[in-house]
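Participant: Here it is: the structure, laid out below.
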Amino acid sequence: MASDDSRLRVRKESGVIRAEFVDRNILDEANIQAITDELLALVVNEPRPKLLISFSNVDHLSSAALGALITIHNKMKGLSGQLRLADIDPQIYEVFEITKLNKLFQIHETSDEAADSFA
Amino acid sequence: MSAPKTHDAISLTNDPQQVRAAREEFAGAIEHFGFPREAAFAVMLAFDEAVANGLKYGAAQQPGGAIDLSWSVQKDRVRIVVDDHGPGFDPDNIPDCTLPENIEKACGRGVMLMRAYMTSVEFNDKGNKVTLVYERN
């Protein structure tokens with residue numbers, strides 16, 4: 001599902017697209033744009049897509065990465081899809097709290113919990 | 001192995017490799033002084049946001065544009081200065097991206113995060129140069 005130069009590891013399981021970041025730092029604008037395009041391409045042709053993004057490898061992310069997640073959230077809403085985030089390091093979760101994006105996104109402690117939460 | 005730099009002053013273009021190298025130099029100094037994980041996270045985040053903002057809103061507005069980045073790290077204090085030479089902006093007039101009407105907008109969070117994590121964040125009058133200070137308790 002992903003190309004060789006993908007910044008994501010992707011698999012589909014029980015109707016859920018599970019995407020995991022490869023990089024520890026999600027900072028670079030060009031990289032973030034490529035990740036956004038790749039995630040959008042995964043869901044755009046799916047009827048009511050279910051997308052789970054795991055942050056298990058991520059140590060740092062920038063506000064541009066938060067912006068990309070909002071773009072994906074908005075696209076998923078337009079597709080009547082469901083988006084879940086999981087495996088977020090407590091320090092990165094604090095970034096979501098400061099920006100109040102923890103209220104916008106459905107965030108779960110683990111990927112398995114997030115997968116179980118899809119309607 | 002030589003000791004890491006504890007200060008630097010460079011001109012930086014929007015070249016990911018160059019930005020990564022500058023980040024690694026700075027991270028090396030933070031590690032050298034044994035900043036705890038939470039403090040290291042805070043100053044790295046502020047560094048990343050200041051550099052990204054400078055490159056995006058300042059340097060990118062001019063052909064061949066670059067930012068001037070300088071930083072110094074001591075055992076109890078970090079100082080980062082980014083001068084982007086761009087048109088500048090009014091940092092006191094940024095929409096509050098935590099308000100319900102703005103929460104789904106994909107911008108406006110970089111300055112908020114710098115302010116949340118650093119001891120002080122000061123812009124010059126033009127709004128194209130930011131000085132960030134972190135004081136370790």
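Labels for the structure tokens follow display order: chains A, B, ..., residues from 1 in each chain, ligands from 1.
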If you run DSSP over the backbone, which residues in chain A end up strand (DSSP E)? Put them as a PyMOL selection string.
Facilitator: chain A and resi 8-13+16-21+25-26+50-54+60-61+82-86+107-108
Participant: With a distance cut-off of 8 Å and only C-alpha atoms, select the neighbouring residues of region 79-82 of chain B, excluding the residue or stretch itself and same-chain residues fewer than 5 positions from it, and output the selection as a list in words.
Facilitator: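 Skipping anything fewer than 5 positions along the chain leaves Phe47, Ala50, Val51, Gly54, Ile67, Asp68, Leu69, Ser70, Trp71, Ser72, Val73, Lys129, Val130, Thr131, Leu132, Val133 and Tyr134 of chain B.
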Participant: Please save N, CA, C and O atoms of the selected residues as an mmCIF file, in the first residue's frame.
Facilitator:
```cif
data_model
loop_
_atom_site.group_PDB
_atom_site.id
_atom_site.type_symbol
_atom_site.label_atom_id
_atom_site.label_comp_id
_atom_site.auth_asym_id
_atom_site.auth_seq_id
_atom_site.Cartn_x
_atom_site.Cartn_y
_atom_site.Cartn_z
ATOM 1 N N PHE B 47 12.848 25.534 19.479
ATOM 2 C CA PHE B 47 13.855 25.687 18.417
ATOM 3 C C PHE B 47 13.221 25.346 17.062
ATOM 4 O O PHE B 47 13.335 26.106 16.092
ATOM 5 N N ALA B 50 10.595 27.990 15.968
ATOM 6 C CA ALA B 50 11.176 29.283 15.592
ATOM 7 C C ALA B 50 11.864 29.192 14.234
ATOM 8 O O ALA B 50 11.718 30.077 13.379
ATOM 9 N N VAL B 51 12.611 28.112 14.030
ATOM 10 C CA VAL B 51 13.310 27.940 12.747
ATOM 11 C C VAL B 51 12.291 27.746 11.615
ATOM 12 O O VAL B 51 12.387 28.384 10.556
ATOM 13 N N GLY B 54 10.501 31.014 10.839
ATOM 14 C CA GLY B 54 11.406 31.952 10.170
ATOM 15 C C GLY B 54 11.595 31.587 8.708
ATOM 16 O O GLY B 54 11.567 32.448 7.823
ATOM 17 N N ILE B 67 17.573 32.603 7.057
ATOM 18 C CA ILE B 67 17.406 33.183 8.387
ATOM 19 C C ILE B 67 18.772 33.251 9.066
ATOM 20 O O ILE B 67 19.682 32.484 8.729
ATOM 21 N N ASP B 68 18.899 34.164 9.991
ATOM 22 C CA ASP B 68 20.067 34.174 10.873
ATOM 23 C C ASP B 68 19.644 33.505 12.170
ATOM 24 O O ASP B 68 18.702 33.972 12.827
ATOM 25 N N LEU B 69 20.339 32.433 12.495
ATOM 26 C CA LEU B 69 20.034 31.684 13.714
ATOM 27 C C LEU B 69 21.222 31.776 14.653
ATOM 28 O O LEU B 69 22.358 31.513 14.245
ATOM 29 N N SER B 70 20.971 32.178 15.876
ATOM 30 C CA SER B 70 22.042 32.089 16.869
ATOM 31 C C SER B 70 21.465 31.485 18.139
ATOM 32 O O SER B 70 20.278 31.643 18.440
ATOM 33 N N TRP B 71 22.294 30.747 18.833
ATOM 34 C CA TRP B 71 21.826 30.134 20.075
ATOM 35 C C TRP B 71 22.997 29.957 21.028
ATOM 36 O O TRP B 71 24.161 29.907 20.602
ATOM 37 N N SER B 72 22.663 29.912 22.300
ATOM 38 C CA SER B 72 23.675 29.590 23.298
ATOM 39 C C SER B 72 23.016 28.723 24.371
ATOM 40 O O SER B 72 21.834 28.898 24.678
ATOM 41 N N VAL B 73 23.785 27.778 24.860
ATOM 42 C CA VAL B 73 23.280 26.884 25.904
ATOM 43 C C VAL B 73 24.251 26.905 27.068
ATOM 44 O O VAL B 73 25.459 26.723 26.884
ATOM 45 N N LYS B 129 11.947 39.094 14.068
ATOM 46 C CA LYS B 129 13.066 38.565 14.844
ATOM 47 C C LYS B 129 12.523 38.148 16.214
ATOM 48 O O LYS B 129 11.865 38.946 16.893
ATOM 49 N N VAL B 130 12.787 36.901 16.572
ATOM 50 C CA VAL B 130 12.281 36.402 17.848
ATOM 51 C C VAL B 130 13.442 35.947 18.731
ATOM 52 O O VAL B 130 14.409 35.362 18.233
ATOM 53 N N THR B 131 13.332 36.271 20.005
ATOM 54 C CA THR B 131 14.326 35.846 20.993
ATOM 55 C C THR B 131 13.615 34.973 22.026
ATOM 56 O O THR B 131 12.653 35.416 22.670
ATOM 57 N N LEU B 132 14.093 33.753 22.143
ATOM 58 C CA LEU B 132 13.485 32.786 23.059
ATOM 59 C C LEU B 132 14.468 32.480 24.179
ATOM 60 O O LEU B 132 15.650 32.242 23.913
ATOM 61 N N VAL B 133 13.967 32.485 25.394
ATOM 62 C CA VAL B 133 14.833 32.152 26.535
ATOM 63 C C VAL B 133 14.148 31.069 27.367
ATOM 64 O O VAL B 133 12.932 31.119 27.599
ATOM 65 N N TYR B 134 14.952 30.100 27.777
ATOM 66 C CA TYR B 134 14.482 29.074 28.705
ATOM 67 C C TYR B 134 15.388 29.099 29.922
ATOM 68 O O TYR B 134 16.606 28.980 29.785
#
```
Participant: Counting only C-alpha atoms, collect the residues of chain A whose closest atom lies at most 7 Å from chain B, and write them out as a count of residues only.
Facilitator: 9
Participant: I need the alpha helix (DSSP H) residues of region 4-113 of chain B per DSSP on the backbone, written as a PyMOL selection string.
Facilitator: chain B and resi 16-32+37-53+110-113
Participant: Would you compute the distance between CA of Val43 (chain A) and CA of Thr110 (chain A)? Give it in Å to one decimal.
Facilitator: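 Separation between CA of Val43 (chain A) and CA of Thr110 (chain A): 21.4 Å.
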Participant: Set the distance at 9 Å and use only C-alpha atoms: which residues neighbour Ser54 (chain A) once local chain neighbours fewer than 4 positions away are removed? I'd like the list as a list in words.
Facilitator: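 So the residues in contact are Arg18, Ala19, Glu20, Phe21, Val58, Arg84, Leu85, Ala86, Asp87, Ile88, Thr110 and Ser111 of chain A.
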Participant: For Ala59 (chain B), which residue out of B:Pro95, B:Gly28, B:Pro87, B:Gly127 is the nearest one, using only C-alpha atoms?
Facilitator: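 Using only C-alpha atoms, the shortest distance to Ala59 (chain B) belongs to B:Pro87.
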Participant: Provide the CA of Ala34 (chain A) to CA of Gln62 (chain B) distance in Å, to one decimal place.
Facilitator: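 Computing it gives 23.9 Å between the two atoms.
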Participant: Please indicate the distance in Å from CA of Asn31 (chain A) to CA of Glu24 (chain B), rounded to one decimal place.
Facilitator: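 So the two atoms, CA of Asn31 (chain A) and CA of Glu24 (chain B), lie 17.8 Å apart.
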